[in-house]
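The block underneath contains the structure these notes are about, expressed in structure tokens.
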Amino acid sequence: MSRLETMDTSALYTKGTRVWISDRDEVWKDGVVVSYTPRENILVSDAAGTETLIALKDGSKIPPLRNPEILTMENNLTTMSYLHEPAVLHSLSQRFTLSNNIYTYCGIVLVAINPYCDVPLYGNEMIWAYKGQQIGQLDPHIYAISEDAYSEMKTLGRNQSIIVSGESGAGKTVSAKYAMRYFATVAGNEQETAIERRILSTNPIMEALGNAKTIRNDNSSRFGKYVELEFDKEQNIVGAHICTYLLEKSRVVFQAKNERNYHIFYQMCAVRDLPHMKHLHLKHPDEFKYTRLGRAPVIDNVDDRTMFLDMGVAMTNLGISESQQAFLYSVLAAILHMGNIKFTEERNDSCSVDGNDEHLKIAAKLLGLEVPALQKWLCHKTIKARNETIVTSLKVKDAMSGMEAFVKHIYASLFHWIVKLLNAALTGGKNETTNFIGILDIYGFEMFDQNSFEQFCINYANEKLQQQFNQHVFKLEQAEYIKEEIKWSFIDFTDNQPCIDLIERKMGIIDLLDEQCKMNRGTDENWIQILYKEHSSNQHFQKPRTGTDQFVIVHYADKVSYLCHGFIAKNLDSVNESHIELLMSSSFEFVPDALNAKTDLDRRIAKKLELASETFGMSDTGNISSPKRMAGGKAPPRRQNTGTLNKSARTVGGQFKTSLNLLMDALSTTVPHFIRCIKPNDDKEPFGFVRNRVVQQLRACGVIETVRISAAGYPSRWSYTEFEARYSILVHSSRIRRGETLLNCQTVLTSLVQDTDKYQFGKTKIFFRAGQVAFFEKMRSERMFRACVMMQAHVRGWVAARYYRRLTFSALKVQCMVRGLIARRRARKLRQYNASVRIQKHAKGWVQRIKYLRLRLSALLIQSRYRARVAYEEFLRVKYDVNARIIQKHVRGWLARCAYKDEVHKIIQVQSCVRRHLAKKQLKALKAEARSIGHYKKINVRLEKRVFEMQLKNNEMISEKTNLMQEAKYALEELAAVRKQLLIQTRCKETVEKEAKQTSEELRILRDDFMELKHEMTRMGEEQDEVDVLKERIRELEEEVKEARESAEADKILSLERYTELQQSMTRDINSEREHHQNIIVENSNLQKQVKELQEMMHGHWQDSSDERDELSSVTSEVMPEPGALSSGLTSPAALLQPPPATTAACDLRSKITDLEQLRDQLTADLEGANKVVRCITRCLRYLSRVLLSVLHVTRYVSRAICFSDFCGVIFSFCVR
């Protein structure tokens, strides 16, 4: 519908237009448009007269249009005008139910619907009828696909493949069988027909051993099969090869209700009265546990006895000897008898089997084993730890599980042994084979109420096949466009690669399952929790709302919920090794060969995984294979580890993934042909068509995707001749020229379709978008209707005129005799006049047409030039707008930055003015204060304090320099020790050269840090110069103070004694406070140096350690308080030196007490700050110890990594600097 949205929907959805309406029961039902409002709503009515109003949202829910009836019964679905799901479903339904056509083409896909009855379509006359015919010349048929593959191989020499897929009961096995019959008949050699008979003889054997009755199908294949038919240079069949995939072994020991075990068991029970079968002691299927679980031992219209006899004849034709057949029947009968063995529970959680059990004795005899040995190892197992072997008893449940695994392993080995024999019988000469045709009979997409490991593997295989199918359909569609040399754009198609990556990539579902299987205590619950954690964000993986034992995968067909229980057990598929060793002791000569049987594909898998050297391998179903026998019949030494499955063994999922990838590689080298089998109903009703079931399979098997890819391009394709013959009536006949088909088609299309994107002219065909052919059909129907009305009008007028002439004939006959001469003369003149008028009409019409064509050509030229000019101006305008926006963006940004800078500048000016005002005000106060004696004393105290601080800093620098020289001395001593170590390690220079370069880089960083330290020492020297200048200034100030004291002595004579005492006491307090603050300043300066050194060392060595940098920053912020904290502590005591006015006789004692209390508060606060500083110093020292320890480790690493000469040179230059 995406293409229709671009069209004028009002012209298509008119009143009375037939559309499709979505329905829950019938999926889609017929409807008629009653009214339509574009992009708002549409009113439709179904066949029952029920009207439905559909609200539209941008045309996304507009009902699909119906195709014309002429296109409904087409052989190829892609030829329909409207390609969508309801059209495909309706066409298949009509062809299947009305015409009984079970085959329909959908592009390159052959859709085959199971009729559930015999149809006369597969005789030899049909085979020879399709031989040599190109696909499409005759009705769709599986023989047409087979002939297409055979002729392409014969003509081009390329390998072919036919992929048959579908769900159980859709007819895959029958379709593959008919394809093989076609090749055997067409490519057979008259002198040598044995190989063709052998190929056809494999079908009853494979069906007996690998097929079973299920709920959906009476003859369901429970394994995947890939058959390669080999041809020589003359395209005659010379051999074949069979590969199998994922045999359903669990069916041997369990069947659901209304299902059966494999056919071979029931067939053997049906012929139990034959002489060569009596020693097997077989009974009715209801007497055996493994054949009565499904409670459906009989299939309607199927004779198991006849099928067994046919299988025996087929084995004889394939060269399987009677001894081999007897061995096969003996092992199969032993499996049935083992299912009836009963276990008895004993004390201490052990179990036992009665030695007189009839079924035990029969099973041991049929397997060639001793009864005591079989009795023992069914209830025990061996555990080997190092050099000890321990035999332990099993519980009843464990013993039964072990016996079931044993039975499944025996059947799987027997199955592959038969496949090996069949391949040996079908193998042709290697030098004779030039090409092959592969026939893949693979299981279809499965989705049940409870899906387990088998459904997971099956759906995984279908994902891979669907991806190959989509890519192949896409390539053919594009190749058709390239062949016809038309303009086309990339067609988007649904790619399911993300879903495949979810399953098979690293840390995917299979990978995580294998990892869980390697763990000794791996469980399904742990595995699914890991899946939830790893893939919760994947759009193709979902977690159910309820329950934690399921997971949902969004496949290409639908969402499937899988139950995790049993995934690990089925993936391991382990079997007790004691049972394998027991089987190896059998007296039958075919047992080792059967247990070691592998198909050619399995060997390719083993070679690819480099497991060919393993003594024990795995079959393609995951079982452990037994060891091969040496020459002389002796078995090789047994493995030391007797666990059920070692950690290096391949799992079922991993092997299936590898075999599937090899299969895809093999198919990628061939030209694929696709057959999609559809199951029309679940009741097996002949020619019954259930639309819900069919549409579900169409979505799952890729038919709808094929239609979608075709609809995305040009689905409708008409040859020029066909289009001209049918639609040339849509234009005036004067515009049609005989013999010029291409020009006539162009005339019709340019007249009717204004949008040139709706069609394309190829070399031999015209390609139309979806819906165009229906539009032409609608116009043709309207034109034909008008033509019929016109013809009817003329015919009726002619009849009326003839009737009138008969009435007036008598009168006119008399008159004509009298007026004959006059009438003839008049008639002659009239004919001449009419001839001249007609000549004038045609001449004037020709002139007018020429004039009109010239005017039309000129108008078109002017329009094209004008539109080009308008388009170019529009392009310039858009380009101008884009550039203007870019310029505006930068200009506005620049203006905003300028405005911001202006605002900042104005704010700074205002702040400067305010600060200048405050500074002036403070200057006045300072000037007033400077005139007093107290100011000079305060300056004196501050200068003394500054001098003391500078002296302390100088002493610290001297001590720091001494420490650095001491550290350098220690470094030189350590270098001497390092030199001795490096003399021993000189031979390791080449191996540590790379690490030496890294260490050199670190030393370069240390050298830079040392240079920074040197610059810091230079700066401290400059500060020492400043201290000298300050000392000089202090001397000058002392002289000024001395002069001021002498001038003020005259004013202080009256209160000198009392003031002197007060001054002495305050001086003592100030001196003590000054000493305390000086000590704090010294400690603060030392801590600042240490913190700075730590920052430089950390910056050089541990730039990547973000946690330690955060800790160092926090320590620095604690050690370095606010700038005003210490300054306020230093300046506040000086305020107490304010002398009383000269005119005041004495100071108030109360003010002194107040000042002393403030001093006490200040000292208390400083004491708390000092305690905090001490704590910070403690943290810094601890951190420093950690840093020194790290430096020691780095030094040791450098001594190991760098050569002696380079390292000594770098360290020496470092110390000298």
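Residue numbering restarts at 1 for every chain of the structure tokens, chains are lettered A, B, ... in their displayed order, and ligands are numbered from 1 as they appear.
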Next on the checklist: Please return, as JSON, numbers by chain, all residues of segment 682-782 of chain A that DSSP assigns to helix (DSSP H, G or I) on the basis of the backbone.
Outcome noted: {"A": [691, 692, 693, 694, 695, 696, 697, 698, 699, 700, 701, 703, 704, 705, 706, 707, 708, 709, 710, 711, 712, 720, 721, 722, 723, 724, 725, 726, 727, 728, 729, 730, 733, 734, 735, 741, 742, 743, 744, 745, 746, 747, 748, 749, 750, 751, 752, 756, 757, 758, 772, 773, 774, 775, 776, 777, 778, 779, 780, 781, 782]}
Checklist entry - Please, which residues of segment 126-209 of chain A, numbered as in this document, come out strand (DSSP E) from DSSP, as a list in words? => result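 Filtering segment 126-209 of chain A down to strand (DSSP E) leaves Gln160, Ser161, Ile162, Ile163, Val164 and Ser165 of chain A.
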Keeping all heavy atoms, export the residues of the selection given above as a tab-separated table (two decimals), in the first residue's frame.
```tsv
chain	number	residue	atom	x	y	z
A	160	GLN	N	23.05	-27.02	-9.01
A	160	GLN	CA	21.71	-26.55	-8.67
A	160	GLN	C	21.30	-27.13	-7.32
A	160	GLN	O	21.87	-28.10	-6.83
A	160	GLN	CB	20.69	-26.98	-9.74
A	160	GLN	CG	21.08	-26.62	-11.17
A	160	GLN	CD	21.03	-25.14	-11.42
A	160	GLN	OE1	20.06	-24.47	-11.07
A	160	GLN	NE2	22.08	-24.61	-12.03
A	161	SER	N	20.29	-26.49	-6.73
A	161	SER	CA	19.72	-27.01	-5.48
A	161	SER	C	18.24	-26.68	-5.45
A	161	SER	O	17.80	-25.64	-5.96
A	161	SER	CB	20.42	-26.40	-4.26
A	161	SER	OG	20.24	-24.99	-4.24
A	162	ILE	N	17.47	-27.58	-4.89
A	162	ILE	CA	16.03	-27.42	-4.72
A	162	ILE	C	15.76	-27.49	-3.22
A	162	ILE	O	16.02	-28.52	-2.59
A	162	ILE	CB	15.23	-28.48	-5.48
A	162	ILE	CG1	15.50	-28.38	-6.98
A	162	ILE	CG2	13.74	-28.35	-5.19
A	162	ILE	CD1	14.78	-29.44	-7.80
A	163	ILE	N	15.27	-26.41	-2.66
A	163	ILE	CA	15.02	-26.32	-1.22
A	163	ILE	C	13.52	-26.46	-1.00
A	163	ILE	O	12.74	-25.59	-1.41
A	163	ILE	CB	15.55	-24.99	-0.67
A	163	ILE	CG1	17.04	-24.85	-0.95
A	163	ILE	CG2	15.27	-24.88	0.83
A	163	ILE	CD1	17.62	-23.51	-0.57
A	164	VAL	N	13.15	-27.55	-0.36
A	164	VAL	CA	11.75	-27.85	-0.07
A	164	VAL	C	11.55	-27.62	1.42
A	164	VAL	O	12.21	-28.26	2.25
A	164	VAL	CB	11.39	-29.30	-0.45
A	164	VAL	CG1	9.90	-29.54	-0.25
A	164	VAL	CG2	11.80	-29.59	-1.89
A	165	SER	N	10.64	-26.71	1.77
A	165	SER	CA	10.40	-26.40	3.17
A	165	SER	C	8.91	-26.26	3.42
A	165	SER	O	8.12	-26.08	2.49
A	165	SER	CB	11.15	-25.13	3.58
A	165	SER	OG	10.65	-24.02	2.85
```
Checklist entry - Which of these residues is nearest to Arg66 of chain A, using only C-alpha atoms: A:Leu318, A:Val748, A:Val773, A:Leu502? => result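 Going through A:Leu318, A:Val748, A:Val773, A:Leu502 one by one, the smallest distance to Arg66 of chain A is for A:Val773.
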Next on the checklist: Applying 10 Å and only C-alpha atoms, which residues near Val371 of chain A remain after dropping the ones on its own chain fewer than 2 positions away? List them as a VMD selection string.
Outcome noted: chain A and resid 355 to 357 360 to 365 368 to 369 373 to 376
For the residues selected in the previous step, produce a file with all heavy atoms as a short mmCIF file (atom, residue, chain, number, x, y, z; two decimals), in the first residue's frame.
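Result file selection-v1.cif:
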```
data_model
loop_
_atom_site.label_atom_id
_atom_site.label_comp_id
_atom_site.auth_asym_id
_atom_site.auth_seq_id
_atom_site.Cartn_x
_atom_site.Cartn_y
_atom_site.Cartn_z
N GLY A 355 17.47 -60.81 37.33
CA GLY A 355 18.23 -61.54 36.31
C GLY A 355 17.39 -62.48 35.49
O GLY A 355 17.80 -62.90 34.40
N ASN A 356 16.20 -62.84 35.98
CA ASN A 356 15.31 -63.73 35.24
C ASN A 356 14.30 -62.96 34.39
O ASN A 356 13.36 -63.57 33.87
CB ASN A 356 14.56 -64.65 36.23
CG ASN A 356 15.52 -65.57 36.97
OD1 ASN A 356 16.50 -66.05 36.39
ND2 ASN A 356 15.25 -65.81 38.24
N ASP A 357 14.48 -61.65 34.32
CA ASP A 357 13.57 -60.84 33.50
C ASP A 357 13.65 -61.30 32.05
O ASP A 357 14.73 -61.35 31.44
CB ASP A 357 13.93 -59.35 33.61
CG ASP A 357 12.86 -58.46 33.03
OD1 ASP A 357 12.17 -58.88 32.06
OD2 ASP A 357 12.72 -57.33 33.51
N LEU A 360 15.04 -58.71 29.64
CA LEU A 360 16.48 -58.51 29.82
C LEU A 360 17.26 -59.58 29.07
O LEU A 360 18.25 -59.29 28.38
CB LEU A 360 16.82 -58.53 31.31
CG LEU A 360 18.31 -58.44 31.65
CD1 LEU A 360 18.87 -57.09 31.24
CD2 LEU A 360 18.52 -58.67 33.15
N LYS A 361 16.85 -60.81 29.19
CA LYS A 361 17.56 -61.89 28.51
C LYS A 361 17.46 -61.74 27.00
O LYS A 361 18.45 -61.93 26.27
CB LYS A 361 16.96 -63.23 28.94
CG LYS A 361 17.18 -63.56 30.41
CD LYS A 361 16.56 -64.92 30.75
CE LYS A 361 16.80 -65.29 32.21
NZ LYS A 361 16.18 -66.59 32.56
N ILE A 362 16.25 -61.41 26.50
CA ILE A 362 16.08 -61.26 25.05
C ILE A 362 16.93 -60.11 24.53
O ILE A 362 17.60 -60.22 23.48
CB ILE A 362 14.60 -61.07 24.70
CG1 ILE A 362 13.80 -62.33 25.10
CG2 ILE A 362 14.43 -60.77 23.23
CD1 ILE A 362 12.30 -62.17 24.93
N ALA A 363 16.92 -58.97 25.25
CA ALA A 363 17.70 -57.80 24.81
C ALA A 363 19.17 -58.12 24.79
O ALA A 363 19.90 -57.76 23.84
CB ALA A 363 17.41 -56.60 25.72
N ALA A 364 19.68 -58.82 25.83
CA ALA A 364 21.10 -59.17 25.87
C ALA A 364 21.45 -60.11 24.73
O ALA A 364 22.51 -59.98 24.09
CB ALA A 364 21.43 -59.81 27.22
N LYS A 365 20.58 -61.04 24.43
CA LYS A 365 20.85 -61.97 23.34
C LYS A 365 20.85 -61.26 22.00
O LYS A 365 21.72 -61.54 21.14
CB LYS A 365 19.80 -63.09 23.37
CG LYS A 365 19.96 -64.12 22.27
CD LYS A 365 18.87 -65.17 22.34
CE LYS A 365 19.00 -66.19 21.21
NZ LYS A 365 17.91 -67.20 21.26
N GLY A 368 23.96 -59.30 21.53
CA GLY A 368 25.21 -60.05 21.61
C GLY A 368 25.96 -59.80 22.89
O GLY A 368 27.20 -59.86 22.91
N LEU A 369 25.26 -59.55 24.02
CA LEU A 369 25.88 -59.24 25.30
C LEU A 369 25.58 -60.36 26.29
O LEU A 369 24.65 -61.16 26.12
CB LEU A 369 25.37 -57.90 25.84
CG LEU A 369 25.52 -56.68 24.94
CD1 LEU A 369 24.86 -55.47 25.57
CD2 LEU A 369 26.99 -56.40 24.67
N ALA A 373 26.36 -58.90 32.60
CA ALA A 373 26.99 -57.61 32.30
C ALA A 373 25.93 -56.53 32.04
O ALA A 373 26.01 -55.41 32.55
CB ALA A 373 27.92 -57.75 31.11
N LEU A 374 24.94 -56.88 31.22
CA LEU A 374 23.88 -55.90 30.95
C LEU A 374 23.11 -55.59 32.22
O LEU A 374 22.74 -54.43 32.48
CB LEU A 374 22.94 -56.44 29.86
CG LEU A 374 21.79 -55.53 29.46
CD1 LEU A 374 22.31 -54.21 28.91
CD2 LEU A 374 20.91 -56.21 28.41
N GLN A 375 22.84 -56.61 33.05
CA GLN A 375 22.11 -56.41 34.30
C GLN A 375 22.89 -55.47 35.23
O GLN A 375 22.31 -54.60 35.89
CB GLN A 375 21.88 -57.77 34.98
CG GLN A 375 21.18 -57.68 36.32
CD GLN A 375 21.11 -59.03 37.02
OE1 GLN A 375 21.69 -60.01 36.55
NE2 GLN A 375 20.40 -59.08 38.12
N LYS A 376 24.20 -55.63 35.27
CA LYS A 376 25.02 -54.80 36.16
C LYS A 376 25.08 -53.35 35.71
O LYS A 376 24.84 -52.43 36.49
CB LYS A 376 26.43 -55.40 36.24
CG LYS A 376 27.40 -54.55 37.05
CD LYS A 376 28.80 -55.14 37.02
CE LYS A 376 29.77 -54.23 37.79
NZ LYS A 376 31.15 -54.79 37.78
#
```
Next on the checklist: I need the residue nearest Cys457 of chain A from this list: A:Tyr900, A:Phe541, A:Tyr562, A:Trp417. Use only C-alpha atoms for the distance.
Outcome noted: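 Under the stated criterion, the closest residue is A:Tyr562.
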Checklist entry - Just how far from atom CA of Ser578 of chain A is atom CA of Ser352 of chain A, in Å to one decimal? => result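 Going from atom CA of Ser352 of chain A over to atom CA of Ser578 of chain A covers 16.5 Å.
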Next on the checklist: What does the structure give for the distance between atom CA of Gly107 of chain A and atom CA of Phe674 of chain A, in Å to one decimal?
Outcome noted: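 We find that atom CA of Gly107 of chain A and atom CA of Phe674 of chain A lie 10.0 Å from each other.
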Next on the checklist: I'd like the neighbourhood of Ile42 of chain A as a PyMOL selection string, where a residue qualifies if any of its atoms comes within 6 Å (using only C-alpha atoms), though same-chain residues fewer than 3 positions away should be ignored.
Outcome noted: chain A and resi 35-36+53-54
Item to check | Residue contacts of Arg726 of chain A (12 Å, only C-alpha atoms) excluding same-chain residues fewer than 3 positions away, as a list of chain:residue names | outcome: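 Returned residues: A:Trp718, A:Ser719, A:Tyr720, A:Thr721, A:Glu722, A:Phe723, A:Ile729, A:Leu730, A:Val731, A:Asn744, A:Cys745, A:Val748, A:Val773, A:Phe776, A:Glu777, A:Met779, A:Arg780, A:Ser781, A:Arg783, A:Met784.
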Next on the checklist: Let me make sure I understand: among A:Thr1018, A:Ser393, A:Ser93, A:Gln888, which one has the smallest atom-to-atom distance to Trp28 of chain A if we use only C-alpha atoms?
Outcome noted: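 Ranked by minimum distance to Trp28 of chain A, first place goes to A:Ser93.
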